[in-house]
Amino acid sequence: MSKRSQRIQDARGYVLHANPWRETSLIIQAFTRDHGCVALVAKGAKRPYSALRPVLVGFQPLWLSWTGSAEVHTLTRAESGPVRLLDGRSMMSGWYMNELILRLLAREDPHPGVFDAYETALDVLAETRGRPHAAVLRRFEWLLLEQAGYGLDAPMPDFDQAGAEPGLRQALRERLDELLDAPLRTRQVLMDLQRY
């Protein structure tokens, strides 16, 4: 028995990752508020004059439409919202959050609370370019673990308390390492960046 083809219109989401597929297309890993993480094929998105090419970029709010019943759906339309500018360090923090979402959340399992926390974190990263992002990342890690059912069994800390950050970072790192089969690639890059 085959699943019925579904049509999703204007789902609020973000591109977390994109891979080339065939000569002119991309496979997009998107994170949406109401449908969770979804894989979408964006046909022709690599063509120079594709309407999708300038839209499918990371950290920008999107309205995505797709169809299909397979594991990878077909993107039919994408429209962008207001532009959010991130500098290099902010962008690395964003990629770190993207990697956490892709590694910890099951496909097509909605987590509106995680989506809202992600969006809030991106807004703060865009506003605080060039400044440390430790509190933003710790808050996101905490909320992601809590919403995904992997919380630390402790009351939510004050993320802005400077003296508590090293201990909180260690506790969150240990919890994430328990859950993940391999270390996060972006975590090491972020740690290296903090030295400069």
# chains A, B, ... in the order shown; residues from 1 in each chain; ligands from 1
>>> residues_around(residues="Glu141 in chain A", least_positions_apart="2", cutoff="9 Å", atoms="only C-alpha atoms", output="NGL selection string")
:A and (97 or 100 or 136-139 or 143-146 or 172 or 176)
>>> residues_around(residues="Val57 in chain A", least_positions_apart="6", cutoff="12 Å", atoms="only C-alpha atoms", output="list in words")
Gly13, Tyr14, Val15, Leu16, His17, Ala18, Leu26, Ile28, Gln29, Ala30, Ala45, Ala78, Glu79, Ser80, Gly81, Val83, Arg84, Leu85 and Met91 of chain A
>>> write_last_selection(atoms="N, CA, C and O atoms", output="PDB file, in the first residue's frame")
ATOM      1  N   GLY A  13      10.328  27.866   7.226  1.00  0.00           N
ATOM      2  CA  GLY A  13      11.500  27.035   7.442  1.00  0.00           C
ATOM      3  C   GLY A  13      12.815  27.720   7.126  1.00  0.00           C
ATOM      4  O   GLY A  13      12.853  28.902   6.756  1.00  0.00           O
ATOM      5  N   TYR A  14      13.882  26.927   7.289  1.00  0.00           N
ATOM      6  CA  TYR A  14      15.254  27.372   7.037  1.00  0.00           C
ATOM      7  C   TYR A  14      16.012  26.252   6.349  1.00  0.00           C
ATOM      8  O   TYR A  14      15.786  25.071   6.625  1.00  0.00           O
ATOM      9  N   VAL A  15      16.952  26.614   5.488  1.00  0.00           N
ATOM     10  CA  VAL A  15      17.868  25.633   4.903  1.00  0.00           C
ATOM     11  C   VAL A  15      18.967  25.360   5.924  1.00  0.00           C
ATOM     12  O   VAL A  15      19.651  26.291   6.368  1.00  0.00           O
ATOM     13  N   LEU A  16      19.134  24.088   6.286  1.00  0.00           N
ATOM     14  CA  LEU A  16      20.210  23.711   7.196  1.00  0.00           C
ATOM     15  C   LEU A  16      21.450  23.249   6.439  1.00  0.00           C
ATOM     16  O   LEU A  16      22.573  23.469   6.882  1.00  0.00           O
ATOM     17  N   HIS A  17      21.227  22.593   5.297  1.00  0.00           N
ATOM     18  CA  HIS A  17      22.351  22.039   4.540  1.00  0.00           C
ATOM     19  C   HIS A  17      21.880  21.783   3.108  1.00  0.00           C
ATOM     20  O   HIS A  17      20.701  21.506   2.885  1.00  0.00           O
ATOM     21  N   ALA A  18      22.789  21.875   2.159  1.00  0.00           N
ATOM     22  CA  ALA A  18      22.469  21.589   0.758  1.00  0.00           C
ATOM     23  C   ALA A  18      23.615  20.803   0.130  1.00  0.00           C
ATOM     24  O   ALA A  18      24.782  21.104   0.381  1.00  0.00           O
ATOM     25  N   LEU A  26      19.768  20.377  -6.362  1.00  0.00           N
ATOM     26  CA  LEU A  26      20.288  20.305  -5.001  1.00  0.00           C
ATOM     27  C   LEU A  26      19.363  19.442  -4.151  1.00  0.00           C
ATOM     28  O   LEU A  26      18.158  19.409  -4.379  1.00  0.00           O
ATOM     29  N   ILE A  28      18.185  19.554  -0.433  1.00  0.00           N
ATOM     30  CA  ILE A  28      18.133  20.506   0.674  1.00  0.00           C
ATOM     31  C   ILE A  28      17.665  19.789   1.933  1.00  0.00           C
ATOM     32  O   ILE A  28      16.667  19.071   1.900  1.00  0.00           O
ATOM     33  N   GLN A  29      18.376  19.997   3.012  1.00  0.00           N
ATOM     34  CA  GLN A  29      17.899  19.580   4.332  1.00  0.00           C
ATOM     35  C   GLN A  29      17.330  20.842   4.964  1.00  0.00           C
ATOM     36  O   GLN A  29      18.072  21.783   5.257  1.00  0.00           O
ATOM     37  N   ALA A  30      16.023  20.874   5.134  1.00  0.00           N
ATOM     38  CA  ALA A  30      15.355  22.052   5.669  1.00  0.00           C
ATOM     39  C   ALA A  30      14.776  21.743   7.046  1.00  0.00           C
ATOM     40  O   ALA A  30      14.430  20.600   7.343  1.00  0.00           O
ATOM     41  N   ALA A  45      18.013  24.055  -9.325  1.00  0.00           N
ATOM     42  CA  ALA A  45      18.428  25.161  -8.448  1.00  0.00           C
ATOM     43  C   ALA A  45      19.858  25.626  -8.703  1.00  0.00           C
ATOM     44  O   ALA A  45      20.207  26.749  -8.322  1.00  0.00           O
ATOM     45  N   ALA A  78       9.860  28.293  -3.260  1.00  0.00           N
ATOM     46  CA  ALA A  78      10.517  28.828  -2.069  1.00  0.00           C
ATOM     47  C   ALA A  78      10.536  30.346  -2.181  1.00  0.00           C
ATOM     48  O   ALA A  78      10.923  30.889  -3.217  1.00  0.00           O
ATOM     49  N   GLU A  79      10.093  30.994  -1.117  1.00  0.00           N
ATOM     50  CA  GLU A  79      10.122  32.453  -1.059  1.00  0.00           C
ATOM     51  C   GLU A  79      10.846  32.851   0.208  1.00  0.00           C
ATOM     52  O   GLU A  79      10.671  32.243   1.260  1.00  0.00           O
ATOM     53  N   SER A  80      11.646  33.919   0.107  1.00  0.00           N
ATOM     54  CA  SER A  80      12.428  34.332   1.268  1.00  0.00           C
ATOM     55  C   SER A  80      11.734  35.454   2.016  1.00  0.00           C
ATOM     56  O   SER A  80      10.971  36.230   1.452  1.00  0.00           O
ATOM     57  N   GLY A  81      12.030  35.493   3.318  1.00  0.00           N
ATOM     58  CA  GLY A  81      11.548  36.566   4.174  1.00  0.00           C
ATOM     59  C   GLY A  81      12.609  37.641   4.291  1.00  0.00           C
ATOM     60  O   GLY A  81      13.494  37.758   3.436  1.00  0.00           O
ATOM     61  N   VAL A  83      15.930  39.632   5.098  1.00  0.00           N
ATOM     62  CA  VAL A  83      17.324  39.187   5.087  1.00  0.00           C
ATOM     63  C   VAL A  83      17.933  39.354   6.475  1.00  0.00           C
ATOM     64  O   VAL A  83      17.738  40.373   7.141  1.00  0.00           O
ATOM     65  N   ARG A  84      18.660  38.346   6.897  1.00  0.00           N
ATOM     66  CA  ARG A  84      19.361  38.372   8.185  1.00  0.00           C
ATOM     67  C   ARG A  84      20.855  38.244   7.877  1.00  0.00           C
ATOM     68  O   ARG A  84      21.273  37.273   7.261  1.00  0.00           O
ATOM     69  N   LEU A  85      21.649  39.216   8.294  1.00  0.00           N
ATOM     70  CA  LEU A  85      23.083  39.209   8.014  1.00  0.00           C
ATOM     71  C   LEU A  85      23.862  38.663   9.208  1.00  0.00           C
ATOM     72  O   LEU A  85      23.699  39.144  10.332  1.00  0.00           O
ATOM     73  N   MET A  91      28.105  33.217  11.790  1.00  0.00           N
ATOM     74  CA  MET A  91      27.776  32.174  10.829  1.00  0.00           C
ATOM     75  C   MET A  91      28.242  30.804  11.319  1.00  0.00           C
ATOM     76  O   MET A  91      27.519  29.811  11.193  1.00  0.00           O
TER      77      MET A  91
END
>>> select_by_dssp(residues="chain A", states="helix (DSSP H, G or I)", output="JSON, numbers by chain")
{"A": [88, 89, 90, 91, 92, 93, 94, 95, 96, 97, 98, 99, 100, 101, 102, 103, 104, 112, 113, 114, 115, 116, 117, 118, 119, 120, 121, 122, 123, 124, 125, 126, 127, 134, 135, 136, 137, 138, 139, 140, 141, 142, 143, 144, 145, 146, 147, 162, 163, 164, 165, 166, 167, 168, 169, 170, 171, 172, 173, 174, 175, 176, 177, 178, 179, 185, 186, 187, 188, 189, 190, 191, 192, 193]}
>>> residues_around(residues="Arg175 in chain A", least_positions_apart="2", cutoff="9 Å", atoms="only C-alpha atoms", output="PyMOL selection string")
chain A and resi 145+150-152+170-173+177-180
>>> write_last_selection(atoms="all heavy atoms", output="mmCIF file, in the first residue's frame")
data_model
loop_
_atom_site.group_PDB
_atom_site.id
_atom_site.type_symbol
_atom_site.label_atom_id
_atom_site.label_comp_id
_atom_site.auth_asym_id
_atom_site.auth_seq_id
_atom_site.Cartn_x
_atom_site.Cartn_y
_atom_site.Cartn_z
ATOM 1 N N LEU A 145 17.999 20.154 23.687
ATOM 2 C CA LEU A 145 18.030 18.905 24.436
ATOM 3 C C LEU A 145 16.729 18.689 25.201
ATOM 4 O O LEU A 145 16.180 17.583 25.218
ATOM 5 C CB LEU A 145 19.225 18.890 25.395
ATOM 6 C CG LEU A 145 20.598 18.732 24.738
ATOM 7 C CD1 LEU A 145 21.702 19.021 25.741
ATOM 8 C CD2 LEU A 145 20.751 17.336 24.146
ATOM 9 N N TYR A 150 15.959 14.957 25.712
ATOM 10 C CA TYR A 150 17.274 14.555 26.222
ATOM 11 C C TYR A 150 17.795 15.512 27.288
ATOM 12 O O TYR A 150 18.988 15.662 27.474
ATOM 13 C CB TYR A 150 18.304 14.516 25.082
ATOM 14 C CG TYR A 150 17.940 13.623 23.937
ATOM 15 C CD1 TYR A 150 17.769 14.149 22.652
ATOM 16 C CD2 TYR A 150 17.780 12.255 24.116
ATOM 17 C CE1 TYR A 150 17.450 13.330 21.581
ATOM 18 C CE2 TYR A 150 17.456 11.438 23.044
ATOM 19 C CZ TYR A 150 17.286 11.984 21.787
ATOM 20 O OH TYR A 150 16.968 11.176 20.733
ATOM 21 N N GLY A 151 16.906 16.190 28.003
ATOM 22 C CA GLY A 151 17.284 17.224 28.955
ATOM 23 C C GLY A 151 18.213 16.749 30.060
ATOM 24 O O GLY A 151 18.447 15.556 30.237
ATOM 25 N N LEU A 152 18.717 17.704 30.832
ATOM 26 C CA LEU A 152 19.720 17.426 31.858
ATOM 27 C C LEU A 152 19.142 17.196 33.252
ATOM 28 O O LEU A 152 19.892 17.056 34.204
ATOM 29 C CB LEU A 152 20.716 18.591 31.936
ATOM 30 C CG LEU A 152 21.618 18.783 30.734
ATOM 31 C CD1 LEU A 152 22.475 20.024 30.923
ATOM 32 C CD2 LEU A 152 22.509 17.581 30.515
ATOM 33 N N GLN A 170 30.446 22.639 29.881
ATOM 34 C CA GLN A 170 30.961 21.290 30.104
ATOM 35 C C GLN A 170 29.823 20.277 30.257
ATOM 36 O O GLN A 170 29.850 19.199 29.671
ATOM 37 C CB GLN A 170 31.861 21.257 31.355
ATOM 38 C CG GLN A 170 32.505 19.917 31.618
ATOM 39 C CD GLN A 170 33.466 19.491 30.526
ATOM 40 O OE1 GLN A 170 34.098 20.325 29.878
ATOM 41 N NE2 GLN A 170 33.558 18.201 30.291
ATOM 42 N N ALA A 171 28.797 20.633 31.043
ATOM 43 C CA ALA A 171 27.664 19.727 31.247
ATOM 44 C C ALA A 171 26.924 19.460 29.936
ATOM 45 O O ALA A 171 26.569 18.308 29.628
ATOM 46 C CB ALA A 171 26.708 20.315 32.282
ATOM 47 N N LEU A 172 26.715 20.505 29.140
ATOM 48 C CA LEU A 172 26.031 20.336 27.856
ATOM 49 C C LEU A 172 26.888 19.538 26.881
ATOM 50 O O LEU A 172 26.383 18.691 26.147
ATOM 51 C CB LEU A 172 25.657 21.696 27.278
ATOM 52 C CG LEU A 172 24.522 22.414 28.005
ATOM 53 C CD1 LEU A 172 24.445 23.875 27.592
ATOM 54 C CD2 LEU A 172 23.191 21.716 27.775
ATOM 55 N N ARG A 173 28.186 19.796 26.861
ATOM 56 C CA ARG A 173 29.086 19.053 25.979
ATOM 57 C C ARG A 173 29.061 17.563 26.317
ATOM 58 O O ARG A 173 28.998 16.710 25.427
ATOM 59 C CB ARG A 173 30.502 19.600 26.080
ATOM 60 C CG ARG A 173 31.475 18.868 25.157
ATOM 61 C CD ARG A 173 32.862 19.432 25.224
ATOM 62 N NE ARG A 173 32.833 20.811 24.781
ATOM 63 C CZ ARG A 173 33.681 21.737 25.190
ATOM 64 N NH1 ARG A 173 34.624 21.433 26.054
ATOM 65 N NH2 ARG A 173 33.611 22.955 24.747
ATOM 66 N N ASP A 177 27.818 14.652 23.836
ATOM 67 C CA ASP A 177 28.737 13.575 23.472
ATOM 68 C C ASP A 177 28.137 12.199 23.759
ATOM 69 O O ASP A 177 28.394 11.240 23.035
ATOM 70 C CB ASP A 177 30.079 13.740 24.192
ATOM 71 C CG ASP A 177 30.899 14.896 23.635
ATOM 72 O OD1 ASP A 177 30.582 15.382 22.529
ATOM 73 O OD2 ASP A 177 31.848 15.329 24.323
ATOM 74 N N GLU A 178 27.313 12.098 24.816
ATOM 75 C CA GLU A 178 26.619 10.839 25.120
ATOM 76 C C GLU A 178 25.656 10.460 23.997
ATOM 77 O O GLU A 178 25.481 9.284 23.695
ATOM 78 C CB GLU A 178 25.772 10.971 26.394
ATOM 79 C CG GLU A 178 26.507 10.964 27.691
ATOM 80 C CD GLU A 178 25.537 11.243 28.860
ATOM 81 O OE1 GLU A 178 24.311 11.027 28.711
ATOM 82 O OE2 GLU A 178 26.022 11.696 29.902
ATOM 83 N N LEU A 179 25.012 11.454 23.415
ATOM 84 C CA LEU A 179 23.957 11.219 22.434
ATOM 85 C C LEU A 179 24.461 11.018 21.014
ATOM 86 O O LEU A 179 23.798 10.370 20.212
ATOM 87 C CB LEU A 179 22.980 12.395 22.445
ATOM 88 C CG LEU A 179 22.241 12.635 23.758
ATOM 89 C CD1 LEU A 179 21.516 13.962 23.720
ATOM 90 C CD2 LEU A 179 21.268 11.494 24.021
ATOM 91 N N LEU A 180 25.600 11.579 20.688
ATOM 92 C CA LEU A 180 26.090 11.559 19.307
ATOM 93 C C LEU A 180 27.140 10.480 19.105
ATOM 94 O O LEU A 180 27.987 10.251 19.970
ATOM 95 C CB LEU A 180 26.666 12.932 18.941
ATOM 96 C CG LEU A 180 25.688 14.101 19.078
ATOM 97 C CD1 LEU A 180 26.412 15.416 18.887
ATOM 98 C CD2 LEU A 180 24.551 13.961 18.085
#
>>> select_by_dssp(residues="range 57-118 of chain A", states="strand (DSSP E)", output="mmCIF file with all heavy atoms, in the first residue's frame")
data_model
loop_
_atom_site.group_PDB
_atom_site.id
_atom_site.type_symbol
_atom_site.label_atom_id
_atom_site.label_comp_id
_atom_site.auth_asym_id
_atom_site.auth_seq_id
_atom_site.Cartn_x
_atom_site.Cartn_y
_atom_site.Cartn_z
ATOM 1 N N LEU A 62 12.347 31.314 5.282
ATOM 2 C CA LEU A 62 11.766 30.921 4.003
ATOM 3 C C LEU A 62 10.339 30.439 4.194
ATOM 4 O O LEU A 62 9.966 29.983 5.273
ATOM 5 C CB LEU A 62 12.583 29.792 3.361
ATOM 6 C CG LEU A 62 14.046 30.057 3.054
ATOM 7 C CD1 LEU A 62 14.730 28.767 2.625
ATOM 8 C CD2 LEU A 62 14.176 31.118 1.969
ATOM 9 N N TRP A 63 9.562 30.496 3.113
ATOM 10 C CA TRP A 63 8.275 29.834 3.020
ATOM 11 C C TRP A 63 8.450 28.805 1.917
ATOM 12 O O TRP A 63 8.685 29.139 0.765
ATOM 13 C CB TRP A 63 7.167 30.835 2.706
ATOM 14 C CG TRP A 63 6.827 31.649 3.905
ATOM 15 C CD1 TRP A 63 5.857 31.377 4.838
ATOM 16 C CD2 TRP A 63 7.455 32.848 4.345
ATOM 17 N NE1 TRP A 63 5.855 32.337 5.821
ATOM 18 C CE2 TRP A 63 6.828 33.250 5.541
ATOM 19 C CE3 TRP A 63 8.508 33.627 3.849
ATOM 20 C CZ2 TRP A 63 7.205 34.384 6.239
ATOM 21 C CZ3 TRP A 63 8.890 34.756 4.546
ATOM 22 C CH2 TRP A 63 8.235 35.121 5.725
ATOM 23 N N LEU A 64 8.364 27.526 2.306
ATOM 24 C CA LEU A 64 8.657 26.417 1.403
ATOM 25 C C LEU A 64 7.387 25.653 1.063
ATOM 26 O O LEU A 64 6.548 25.398 1.931
ATOM 27 C CB LEU A 64 9.651 25.459 2.062
ATOM 28 C CG LEU A 64 10.987 26.071 2.491
ATOM 29 C CD1 LEU A 64 11.740 25.129 3.422
ATOM 30 C CD2 LEU A 64 11.825 26.397 1.257
ATOM 31 N N SER A 65 7.274 25.249 -0.201
ATOM 32 C CA SER A 65 6.168 24.402 -0.650
ATOM 33 C C SER A 65 6.773 23.183 -1.322
ATOM 34 O O SER A 65 7.769 23.295 -2.048
ATOM 35 C CB SER A 65 5.278 25.155 -1.641
ATOM 36 O OG SER A 65 4.720 26.303 -1.034
ATOM 37 N N TRP A 66 6.189 22.012 -1.066
ATOM 38 C CA TRP A 66 6.696 20.787 -1.664
ATOM 39 C C TRP A 66 5.577 19.783 -1.849
ATOM 40 O O TRP A 66 4.480 19.927 -1.331
ATOM 41 C CB TRP A 66 7.836 20.206 -0.848
ATOM 42 C CG TRP A 66 7.464 19.683 0.515
ATOM 43 C CD1 TRP A 66 6.952 18.460 0.832
ATOM 44 C CD2 TRP A 66 7.620 20.370 1.758
ATOM 45 N NE1 TRP A 66 6.761 18.354 2.179
ATOM 46 C CE2 TRP A 66 7.168 19.509 2.778
ATOM 47 C CE3 TRP A 66 8.083 21.638 2.118
ATOM 48 C CZ2 TRP A 66 7.167 19.874 4.125
ATOM 49 C CZ3 TRP A 66 8.079 21.999 3.446
ATOM 50 C CH2 TRP A 66 7.643 21.118 4.439
ATOM 51 N N THR A 67 5.908 18.733 -2.592
ATOM 52 C CA THR A 67 4.976 17.652 -2.855
ATOM 53 C C THR A 67 5.734 16.337 -2.843
ATOM 54 O O THR A 67 6.963 16.320 -2.984
ATOM 55 C CB THR A 67 4.248 17.870 -4.204
ATOM 56 O OG1 THR A 67 3.226 16.883 -4.346
ATOM 57 C CG2 THR A 67 5.197 17.786 -5.378
ATOM 58 N N GLY A 68 4.986 15.247 -2.687
ATOM 59 C CA GLY A 68 5.586 13.921 -2.752
ATOM 60 C C GLY A 68 5.346 13.097 -1.516
ATOM 61 O O GLY A 68 5.005 13.625 -0.454
ATOM 62 N N VAL A 72 12.466 11.782 0.164
ATOM 63 C CA VAL A 72 12.912 13.085 -0.335
ATOM 64 C C VAL A 72 11.774 13.660 -1.168
ATOM 65 O O VAL A 72 11.377 13.087 -2.172
ATOM 66 C CB VAL A 72 14.199 12.968 -1.176
ATOM 67 C CG1 VAL A 72 14.622 14.332 -1.704
ATOM 68 C CG2 VAL A 72 15.319 12.342 -0.355
ATOM 69 N N HIS A 73 11.234 14.792 -0.739
ATOM 70 C CA HIS A 73 10.112 15.431 -1.419
ATOM 71 C C HIS A 73 10.637 16.357 -2.517
ATOM 72 O O HIS A 73 11.819 16.701 -2.549
ATOM 73 C CB HIS A 73 9.279 16.234 -0.419
ATOM 74 C CG HIS A 73 8.856 15.447 0.777
ATOM 75 N ND1 HIS A 73 7.920 14.440 0.710
ATOM 76 C CD2 HIS A 73 9.245 15.495 2.067
ATOM 77 C CE1 HIS A 73 7.743 13.911 1.905
ATOM 78 N NE2 HIS A 73 8.540 14.535 2.748
ATOM 79 N N THR A 74 9.747 16.795 -3.380
ATOM 80 C CA THR A 74 10.110 17.708 -4.460
ATOM 81 C C THR A 74 9.698 19.123 -4.085
ATOM 82 O O THR A 74 8.514 19.404 -3.869
ATOM 83 C CB THR A 74 9.423 17.300 -5.778
ATOM 84 O OG1 THR A 74 9.813 15.969 -6.105
ATOM 85 C CG2 THR A 74 9.813 18.240 -6.904
ATOM 86 N N LEU A 75 10.682 20.009 -3.989
ATOM 87 C CA LEU A 75 10.423 21.416 -3.699
ATOM 88 C C LEU A 75 9.730 22.028 -4.908
ATOM 89 O O LEU A 75 10.212 21.920 -6.032
ATOM 90 C CB LEU A 75 11.741 22.134 -3.410
ATOM 91 C CG LEU A 75 11.652 23.604 -3.029
ATOM 92 C CD1 LEU A 75 10.984 23.763 -1.661
ATOM 93 C CD2 LEU A 75 13.038 24.229 -3.011
ATOM 94 N N THR A 76 8.598 22.670 -4.674
ATOM 95 C CA THR A 76 7.863 23.286 -5.778
ATOM 96 C C THR A 76 7.970 24.811 -5.775
ATOM 97 O O THR A 76 7.790 25.451 -6.806
ATOM 98 C CB THR A 76 6.366 22.889 -5.746
ATOM 99 O OG1 THR A 76 5.806 23.244 -4.476
ATOM 100 C CG2 THR A 76 6.209 21.401 -5.996
ATOM 101 N N ARG A 77 8.252 25.379 -4.578
ATOM 102 C CA ARG A 77 8.378 26.833 -4.495
ATOM 103 C C ARG A 77 9.097 27.200 -3.216
ATOM 104 O O ARG A 77 8.963 26.531 -2.190
ATOM 105 C CB ARG A 77 7.001 27.473 -4.512
ATOM 106 C CG ARG A 77 7.014 28.976 -4.663
ATOM 107 C CD ARG A 77 5.640 29.501 -4.733
ATOM 108 N NE ARG A 77 4.940 29.106 -3.505
ATOM 109 C CZ ARG A 77 3.881 29.710 -3.029
ATOM 110 N NH1 ARG A 77 3.363 30.717 -3.672
ATOM 111 N NH2 ARG A 77 3.306 29.309 -1.921
ATOM 112 N N ALA A 78 9.860 28.293 -3.260
ATOM 113 C CA ALA A 78 10.517 28.828 -2.069
ATOM 114 C C ALA A 78 10.536 30.346 -2.181
ATOM 115 O O ALA A 78 10.923 30.889 -3.217
ATOM 116 C CB ALA A 78 11.934 28.292 -1.942
ATOM 117 N N GLU A 79 10.093 30.994 -1.117
ATOM 118 C CA GLU A 79 10.122 32.453 -1.059
ATOM 119 C C GLU A 79 10.846 32.851 0.208
ATOM 120 O O GLU A 79 10.671 32.243 1.260
ATOM 121 C CB GLU A 79 8.706 33.019 -1.055
ATOM 122 C CG GLU A 79 7.959 32.777 -2.340
ATOM 123 C CD GLU A 79 6.569 33.380 -2.340
ATOM 124 O OE1 GLU A 79 6.303 34.272 -1.506
ATOM 125 O OE2 GLU A 79 5.748 32.952 -3.158
ATOM 126 N N SER A 80 11.646 33.919 0.107
ATOM 127 C CA SER A 80 12.428 34.332 1.268
ATOM 128 C C SER A 80 11.734 35.454 2.016
ATOM 129 O O SER A 80 10.971 36.230 1.452
ATOM 130 C CB SER A 80 13.827 34.774 0.851
ATOM 131 O OG SER A 80 13.746 35.896 0.018
#
>>> atom_distance(atom1="CA of Ala106 in chain A", atom2="CA of Ala148 in chain A")
9.3 Å
